[in-house]
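Working notes, structure below.
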Amino acid sequence: MSKDGPARPVEERAVRRWARPDLVAVGVAFALFAVAAVAGGVLYLLGRPVHASAAPLFAHWLPHAGPGTPLALLVAVLVWWRGPELAARLSWRRLMAVSYVTSVVWTLALALIDGWQRGVAGRLTTEHEYLHEVPGVTDIPRMLSGFTTRILDFQPDSWTTHVSGHPPGALLVFVWLDRVGLSGGAWAATLVLLVSALVAVAVPETVRLLGPAGSAGRARAVVPETVRLLGPAGSAGRARAVVPFVVLFPGAVWSGVSADGLFAGVTATGVALLAHGAVRARPVSAIGGGVLLAFGCYLSYGLVLMSALAAAVVLLAWSRRRQEKEAEGGAAPATADDAVPVGPVTEAGKGVFVAVGWALVGVVPVVVAFTAAGFLWPDGYRLVIERYYQGVASARPYGYWVWADLAVLVVAAGPAAAVIVRRTARAGWAARAGWAARAGWAARAAWAARAGLAAGRGCRTPAPLASASDQVNRGSSHGDAAPHTVAWVLPLAAVAAIVAADLSGYSKAEVERIWLPFTVWLMAGAALIPPPDRRGWLAAQALVALTVNHLLLTRW
């Protein structure tokens with residue numbers, strides 16, 4: 001027996017002792033979903049329907065299988081079986097390629113469970129969808145200038161449900177697709193599938209970029225037993241932990257194919273480009289991020305809440321820059337094939353603010369172009385609220401949906417989301433304690449300096465406490481291996497966006513697809529899940545997606 005032999009059970013128990021609270025969190029989430037389902041049925045029997053036939057999901061009960069069933073099962077098994085291993089050993093570029101292709105196949109397979117016409121080609125061609133209006137758009141400038149006049153219902157030329165409920169950017173995408181000769185539902189569905197799968201690259205890439213400076217290169221120097229228990233160290237290790245979860249994301253049930261999947265892909269790519277521009281000081285990336293995030297606001301009014309994710313990226317990029325400044329004068333950190341290159345150390349925050357400026361350079365032309373064309377975003381938003389209450393939303397009770405929408409998340413984002421949210425809250429609380437302690441030390445040091453104790457009387461200056469991020473990296477005294485701040489700040493930003501959307505009252509039902517641009521970012525915290533538990537939660541994610549798609553006919 002090696003001298004490290006007896007330590008293994010102790011370390012493993014320290015890591016796994018927190019698995020029980022994870023199970024409790026998932027149990028509570030599923031219980032809330034069950035209560036929402038029962039409450040919806042009871043309200044229907046009492047003559048007060050919530051206007052969702054499979055409440056809290058917007059779907060029809062229809063057990064079925066389809067041509068996508070074998071492929072979906074195969075993808076789920078392969079990702080569960082080999083996904084974590086491949087994520088740990090492939091080079092970063094190859095991993096991103098595999099992640100994207102697998103996400104496309106998984107999403108398409110889920111859609112094909114409903115059949116080619118019903119699940120793919122016909123999804124965007126119904127009377128409520130965007131393609132219904134495309135043939136009538138013969139003059140794009142005229143369409144944009146008169147867009148707001150057709151938002152309200154009960155007019156001869158009122159827009160269809162989805163077109164009226166969104167800014168003109170969403171319709172414009174499909175009009176452009178038609179103009180280049182790719183008309184019809186099959187091409188539109190293909191575009192949505194290919195763009196929505198970009199989240200499988202954008203989310204892990206953002207996590208990698210915003211990790212601690214130079215830590216990606218140290219991931220392979222960790223002893224095997226530590227890797228087994230805690231996973232690879234560094235930002236690359238944490239980003240790699242995200243990949244299988246973002247590939248098997250249950251939200252793929254709704255992203256393939258709905259326009260909201262396209263919205264998720266566009267905005268996630270914008271966030272990743274913003275992170276790239278801020279960390280690597282690349283103006284082109286920052287401008288591209290600004291363009292995509294601004295265009296996202298013209299795809300859906302609710303995507304202004306992506307500002308929470310953008311703010312989180314700026315905060316984390318500033319933290320990384322600060323670490324570079326603190327490391328000034330030291331040896332350059334080691335790098336690996338998947339390490340994020342670290343440029344010259346600059347004054348903390350300077351490069352980040354420059355990147356934000358470049359991002360605004362990308363935002364302005366988008367806003368100016370739509371405004372100059374005659375579409376005023378505030379006017380559209382005001383009218384869409386009125387249109388919202390002209391329809392079924394006026395009959396959907398806020399008192400039910402304000403909590404039932406949150407119950408949907410355990411299905412739309414999967415049970416792993418409940419685990420990540422619990423661990424995000426715990427890591428955030430630990431960081432808060434660290435910040436408070438650090439602030440207390442700073443106050444004591446300032447008092448000592450004013451009193452002349454530190455320098456004039458020979459008293460020893462108190463040693464500074466570790467930064468909050470250092471404390472989170474090490475984990476608490478309870479043995480929970482909490483990763484770097486990026487693993488909980490991004491999910492926390494997603495939770496903030498979700499809560500704001502929920503309280504607004506403008507997302508009563510159908511949030512399983514409407515919130516896709518937010519819920520996918522919960523998977524950025526997958527590294528918070530201990531490696532011994534990840535395969536189990538991956539299996540749970542796949543099981544939820546397959547169960548929903550085979551028992552219900554989702555619609556929108």
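Following the order of the structure tokens, chains are lettered A, B, ..., residues in each are numbered from 1, and ligands are numbered from 1.
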Task: Polymer residues at most 9 Å from Ala526 (chain A), only C-alpha atoms, same-chain spacing of 6 or more positions, as a PyMOL selection string - done: chain A and resi 238-239+241-243+245-246+416-417+419-420+487+534
Residues at most 10 Å from region 34-49 of chain A, counting only C-alpha atoms, excluding those fewer than 5 positions away in the same chain, as an mmCIF file with C-alpha atoms, in the first residue's frame?
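Contents of around_29.cif, freshly written:
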```
data_model
loop_
_atom_site.group_PDB
_atom_site.id
_atom_site.type_symbol
_atom_site.label_atom_id
_atom_site.label_comp_id
_atom_site.auth_asym_id
_atom_site.auth_seq_id
_atom_site.Cartn_x
_atom_site.Cartn_y
_atom_site.Cartn_z
ATOM 1 C CA VAL A 28 -37.268 20.163 -4.261
ATOM 2 C CA ALA A 29 -37.106 21.311 -7.895
ATOM 3 C CA ALA A 54 -49.615 20.233 -20.161
ATOM 4 C CA ALA A 55 -49.020 22.917 -17.549
ATOM 5 C CA PRO A 56 -46.538 24.090 -16.560
ATOM 6 C CA LEU A 57 -45.155 23.057 -19.968
ATOM 7 C CA ALA A 395 -56.238 35.134 -19.138
ATOM 8 C CA ARG A 396 -53.118 33.486 -17.769
ATOM 9 C CA PRO A 397 -52.989 34.094 -13.987
ATOM 10 C CA TYR A 400 -49.717 30.829 -10.879
ATOM 11 C CA TRP A 401 -47.129 31.466 -13.574
ATOM 12 C CA TRP A 403 -43.686 30.434 -9.640
ATOM 13 C CA ALA A 404 -44.729 27.761 -12.152
ATOM 14 C CA ASP A 405 -42.360 29.296 -14.731
ATOM 15 C CA LEU A 406 -39.484 28.707 -12.334
ATOM 16 C CA ALA A 407 -40.633 25.118 -11.818
ATOM 17 C CA VAL A 408 -40.213 24.559 -15.562
#
```
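Closest approach to Thr547 (chain A) among A:Val26, A:His276, A:Val253, A:Arg142: A:Val253, based on only C-alpha atoms.
Reported to one decimal place, the separation of CA of Ala501 (chain A) from CA of Val257 (chain A) is 22.2 Å.
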Task: Residue nearest Arg513 (chain A) among A:Ser196, A:Gln390, A:Ser285, A:Gln541 (counting only C-alpha atoms) - done: A:Ser196
Task: Coordinates-based distance that separates CA of Ile151 (chain A) from CA of Ala393 (chain A) (Å, one decimal) - done: 15.5 Å
TODO: Might you pull out every residue within 8 Å of Thr424 (chain A), with only C-alpha atoms counted and same-chain residues fewer than 4 positions away left off, and present them as a ChimeraX atom specification?
DONE: /A:420,428,487-489,491-492,525,528
Val291 (chain A) surroundings by only C-alpha atoms, 9 Å radius, close-in-sequence under 5 positions cut, as a PDB file with N, CA and C atoms, in the first residue's frame:
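And here's out_38.pdb as it stands now:
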```pdb
ATOM      1  N   GLY A 270     -22.179  36.427 -29.019  1.00  0.00           N
ATOM      2  CA  GLY A 270     -21.846  37.808 -28.668  1.00  0.00           C
ATOM      3  C   GLY A 270     -21.136  37.908 -27.335  1.00  0.00           C
ATOM      4  N   ALA A 286     -14.303  42.502 -29.748  1.00  0.00           N
ATOM      5  CA  ALA A 286     -15.185  43.316 -28.915  1.00  0.00           C
ATOM      6  C   ALA A 286     -16.276  43.973 -29.756  1.00  0.00           C
ATOM      7  N   GLY A 296     -29.223  41.210 -30.891  1.00  0.00           N
ATOM      8  CA  GLY A 296     -30.086  40.376 -30.069  1.00  0.00           C
ATOM      9  C   GLY A 296     -31.268  41.145 -29.510  1.00  0.00           C
ATOM     10  N   ALA A 359     -16.810  47.587 -27.848  1.00  0.00           N
ATOM     11  CA  ALA A 359     -18.108  46.918 -27.938  1.00  0.00           C
ATOM     12  C   ALA A 359     -19.219  47.929 -28.236  1.00  0.00           C
ATOM     13  N   LEU A 360     -19.132  49.088 -27.616  1.00  0.00           N
ATOM     14  CA  LEU A 360     -20.121  50.142 -27.880  1.00  0.00           C
ATOM     15  C   LEU A 360     -20.027  50.628 -29.324  1.00  0.00           C
ATOM     16  N   VAL A 361     -18.820  50.599 -29.872  1.00  0.00           N
ATOM     17  CA  VAL A 361     -18.653  50.941 -31.289  1.00  0.00           C
ATOM     18  C   VAL A 361     -19.459  49.978 -32.152  1.00  0.00           C
ATOM     19  N   GLY A 362     -19.569  48.715 -31.711  1.00  0.00           N
ATOM     20  CA  GLY A 362     -20.381  47.743 -32.427  1.00  0.00           C
ATOM     21  C   GLY A 362     -21.868  47.915 -32.178  1.00  0.00           C
ATOM     22  N   VAL A 363     -22.231  48.382 -31.001  1.00  0.00           N
ATOM     23  CA  VAL A 363     -23.648  48.556 -30.650  1.00  0.00           C
ATOM     24  C   VAL A 363     -24.279  49.701 -31.437  1.00  0.00           C
ATOM     25  N   VAL A 364     -23.581  50.804 -31.517  1.00  0.00           N
ATOM     26  CA  VAL A 364     -24.157  52.035 -32.086  1.00  0.00           C
ATOM     27  C   VAL A 364     -24.668  51.849 -33.514  1.00  0.00           C
ATOM     28  N   PRO A 365     -23.897  51.262 -34.432  1.00  0.00           N
ATOM     29  CA  PRO A 365     -24.415  51.141 -35.804  1.00  0.00           C
ATOM     30  C   PRO A 365     -25.706  50.334 -35.905  1.00  0.00           C
ATOM     31  N   VAL A 366     -25.844  49.296 -35.074  1.00  0.00           N
ATOM     32  CA  VAL A 366     -27.053  48.480 -35.108  1.00  0.00           C
ATOM     33  C   VAL A 366     -28.262  49.320 -34.694  1.00  0.00           C
TER      34      VAL A 366
END
```
TODO: Per DSSP on the backbone, filter region 152-189 of chain A down to the residues in helix (DSSP H, G or I) and report them as a PyMOL selection string.
DONE: chain A and resi 161-164+168-179+185-189
Atoms kept (all heavy atoms) for selection, written as a short mmCIF file (atom, residue, chain, number, x, y, z; two decimals), in the first residue's frame:
```cif
data_model
loop_
_atom_site.label_atom_id
_atom_site.label_comp_id
_atom_site.auth_asym_id
_atom_site.auth_seq_id
_atom_site.Cartn_x
_atom_site.Cartn_y
_atom_site.Cartn_z
N THR A 161 -48.62 36.10 -34.60
CA THR A 161 -48.30 36.12 -33.17
C THR A 161 -46.82 36.33 -32.89
O THR A 161 -46.44 37.22 -32.13
CB THR A 161 -48.75 34.80 -32.52
OG1 THR A 161 -50.15 34.62 -32.75
CG2 THR A 161 -48.48 34.82 -31.02
N HIS A 162 -45.96 35.51 -33.49
CA HIS A 162 -44.54 35.61 -33.18
C HIS A 162 -43.89 36.86 -33.76
O HIS A 162 -43.02 37.47 -33.13
CB HIS A 162 -43.80 34.36 -33.67
CG HIS A 162 -44.04 33.15 -32.83
ND1 HIS A 162 -43.56 33.03 -31.55
CD2 HIS A 162 -44.74 32.01 -33.06
CE1 HIS A 162 -43.92 31.87 -31.04
NE2 HIS A 162 -44.65 31.24 -31.93
N VAL A 163 -44.32 37.27 -34.94
CA VAL A 163 -43.75 38.48 -35.54
C VAL A 163 -44.14 39.70 -34.73
O VAL A 163 -43.30 40.57 -34.45
CB VAL A 163 -44.21 38.62 -37.00
CG1 VAL A 163 -43.72 39.95 -37.59
CG2 VAL A 163 -43.69 37.46 -37.83
N SER A 164 -45.38 39.79 -34.32
CA SER A 164 -45.83 40.96 -33.55
C SER A 164 -45.18 41.00 -32.17
O SER A 164 -45.02 42.08 -31.60
CB SER A 164 -47.35 40.94 -33.40
OG SER A 164 -47.77 39.84 -32.62
N PRO A 168 -38.34 43.70 -35.30
CA PRO A 168 -38.27 43.22 -36.69
C PRO A 168 -37.04 42.40 -37.04
O PRO A 168 -36.98 41.79 -38.10
CB PRO A 168 -38.31 44.52 -37.51
CG PRO A 168 -37.79 45.57 -36.57
CD PRO A 168 -38.26 45.16 -35.22
N GLY A 169 -36.04 42.38 -36.16
CA GLY A 169 -34.82 41.64 -36.48
C GLY A 169 -35.07 40.17 -36.73
O GLY A 169 -34.45 39.56 -37.61
N ALA A 170 -35.99 39.57 -35.97
CA ALA A 170 -36.27 38.15 -36.13
C ALA A 170 -36.87 37.86 -37.50
O ALA A 170 -36.43 36.94 -38.20
CB ALA A 170 -37.22 37.69 -35.02
N LEU A 171 -37.85 38.65 -37.91
CA LEU A 171 -38.44 38.48 -39.23
C LEU A 171 -37.41 38.76 -40.31
O LEU A 171 -37.36 38.07 -41.34
CB LEU A 171 -39.65 39.41 -39.39
CG LEU A 171 -40.32 39.44 -40.77
CD1 LEU A 171 -40.84 38.06 -41.15
CD2 LEU A 171 -41.44 40.47 -40.79
N LEU A 172 -36.58 39.76 -40.08
CA LEU A 172 -35.58 40.16 -41.06
C LEU A 172 -34.61 39.02 -41.37
O LEU A 172 -34.19 38.85 -42.52
CB LEU A 172 -34.83 41.37 -40.54
CG LEU A 172 -34.04 42.22 -41.54
CD1 LEU A 172 -34.94 42.69 -42.67
CD2 LEU A 172 -33.40 43.41 -40.83
N VAL A 173 -34.25 38.23 -40.37
CA VAL A 173 -33.34 37.10 -40.58
C VAL A 173 -33.91 36.14 -41.61
O VAL A 173 -33.22 35.70 -42.55
CB VAL A 173 -33.07 36.36 -39.25
CG1 VAL A 173 -32.39 35.02 -39.50
CG2 VAL A 173 -32.21 37.22 -38.33
N PHE A 174 -35.19 35.80 -41.48
CA PHE A 174 -35.80 34.85 -42.39
C PHE A 174 -36.10 35.46 -43.76
O PHE A 174 -36.12 34.75 -44.77
CB PHE A 174 -37.06 34.25 -41.76
CG PHE A 174 -36.77 33.47 -40.51
CD1 PHE A 174 -37.10 33.97 -39.26
CD2 PHE A 174 -36.14 32.24 -40.58
CE1 PHE A 174 -36.83 33.25 -38.10
CE2 PHE A 174 -35.86 31.51 -39.43
CZ PHE A 174 -36.20 32.02 -38.19
N VAL A 175 -36.32 36.76 -43.78
CA VAL A 175 -36.47 37.45 -45.07
C VAL A 175 -35.15 37.42 -45.82
O VAL A 175 -35.10 37.14 -47.03
CB VAL A 175 -36.95 38.90 -44.87
CG1 VAL A 175 -36.89 39.69 -46.17
CG2 VAL A 175 -38.38 38.91 -44.32
N TRP A 176 -34.05 37.71 -45.14
CA TRP A 176 -32.73 37.64 -45.77
C TRP A 176 -32.45 36.23 -46.29
O TRP A 176 -31.91 36.07 -47.39
CB TRP A 176 -31.65 38.04 -44.77
CG TRP A 176 -31.56 39.51 -44.52
CD1 TRP A 176 -31.93 40.52 -45.35
CD2 TRP A 176 -31.04 40.14 -43.34
NE1 TRP A 176 -31.69 41.75 -44.76
CE2 TRP A 176 -31.14 41.54 -43.53
CE3 TRP A 176 -30.51 39.67 -42.15
CZ2 TRP A 176 -30.72 42.46 -42.57
CZ3 TRP A 176 -30.09 40.57 -41.19
CH2 TRP A 176 -30.19 41.96 -41.40
N LEU A 177 -32.80 35.22 -45.50
CA LEU A 177 -32.59 33.84 -45.92
C LEU A 177 -33.36 33.55 -47.21
O LEU A 177 -32.85 32.91 -48.13
CB LEU A 177 -33.04 32.89 -44.80
CG LEU A 177 -32.65 31.42 -44.95
CD1 LEU A 177 -31.15 31.25 -44.85
CD2 LEU A 177 -33.35 30.58 -43.88
N ASP A 178 -34.58 34.06 -47.27
CA ASP A 178 -35.39 33.88 -48.47
C ASP A 178 -34.79 34.62 -49.66
O ASP A 178 -34.82 34.11 -50.79
CB ASP A 178 -36.81 34.39 -48.19
CG ASP A 178 -37.73 34.25 -49.39
OD1 ASP A 178 -38.14 33.12 -49.69
OD2 ASP A 178 -38.02 35.29 -50.03
N ARG A 179 -34.22 35.79 -49.42
CA ARG A 179 -33.67 36.61 -50.51
C ARG A 179 -32.44 35.96 -51.16
O ARG A 179 -32.17 36.19 -52.33
CB ARG A 179 -33.29 38.00 -49.98
CG ARG A 179 -34.45 38.87 -49.56
CD ARG A 179 -35.39 39.19 -50.73
NE ARG A 179 -36.39 40.18 -50.34
CZ ARG A 179 -37.58 39.90 -49.81
NH1 ARG A 179 -37.92 38.62 -49.63
NH2 ARG A 179 -38.43 40.86 -49.49
N GLY A 185 -39.42 26.06 -45.06
CA GLY A 185 -39.23 25.64 -43.68
C GLY A 185 -37.99 24.83 -43.42
O GLY A 185 -37.38 24.92 -42.35
N ALA A 186 -37.57 24.02 -44.40
CA ALA A 186 -36.39 23.18 -44.19
C ALA A 186 -35.13 24.02 -44.05
O ALA A 186 -34.29 23.76 -43.17
CB ALA A 186 -36.24 22.19 -45.35
N TRP A 187 -34.97 25.02 -44.92
CA TRP A 187 -33.79 25.88 -44.81
C TRP A 187 -33.84 26.73 -43.55
O TRP A 187 -32.79 26.93 -42.90
CB TRP A 187 -33.69 26.78 -46.04
CG TRP A 187 -33.20 26.10 -47.27
CD1 TRP A 187 -33.88 25.86 -48.42
CD2 TRP A 187 -31.89 25.54 -47.45
NE1 TRP A 187 -33.10 25.18 -49.33
CE2 TRP A 187 -31.87 24.97 -48.76
CE3 TRP A 187 -30.75 25.44 -46.67
CZ2 TRP A 187 -30.75 24.34 -49.29
CZ3 TRP A 187 -29.63 24.79 -47.19
CH2 TRP A 187 -29.63 24.26 -48.48
N ALA A 188 -35.00 27.22 -43.19
CA ALA A 188 -35.12 28.00 -41.96
C ALA A 188 -34.76 27.16 -40.74
O ALA A 188 -34.05 27.61 -39.82
CB ALA A 188 -36.53 28.57 -41.82
N ALA A 189 -35.25 25.91 -40.73
CA ALA A 189 -34.93 25.01 -39.62
C ALA A 189 -33.44 24.70 -39.58
O ALA A 189 -32.85 24.62 -38.49
CB ALA A 189 -35.73 23.72 -39.76
#
```
TODO: Find the distance between CA of Val402 (chain A) and CA of Tyr506 (chain A) and write it in Å to one decimal.
DONE: 9.9 Å
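The neighbours of region 367-376 of chain A here are the residues that come within 9 Å of it, using only C-alpha atoms and leaving out any residue fewer than 4 positions away in the same chain; they are Pro141, Arg142, Leu144, Ser145, Gly146, Phe147, Thr148, Pro167, Pro168, Gly169, Ala294, Phe295, Tyr298, Val363, Gly380 and Tyr381 of chain A.
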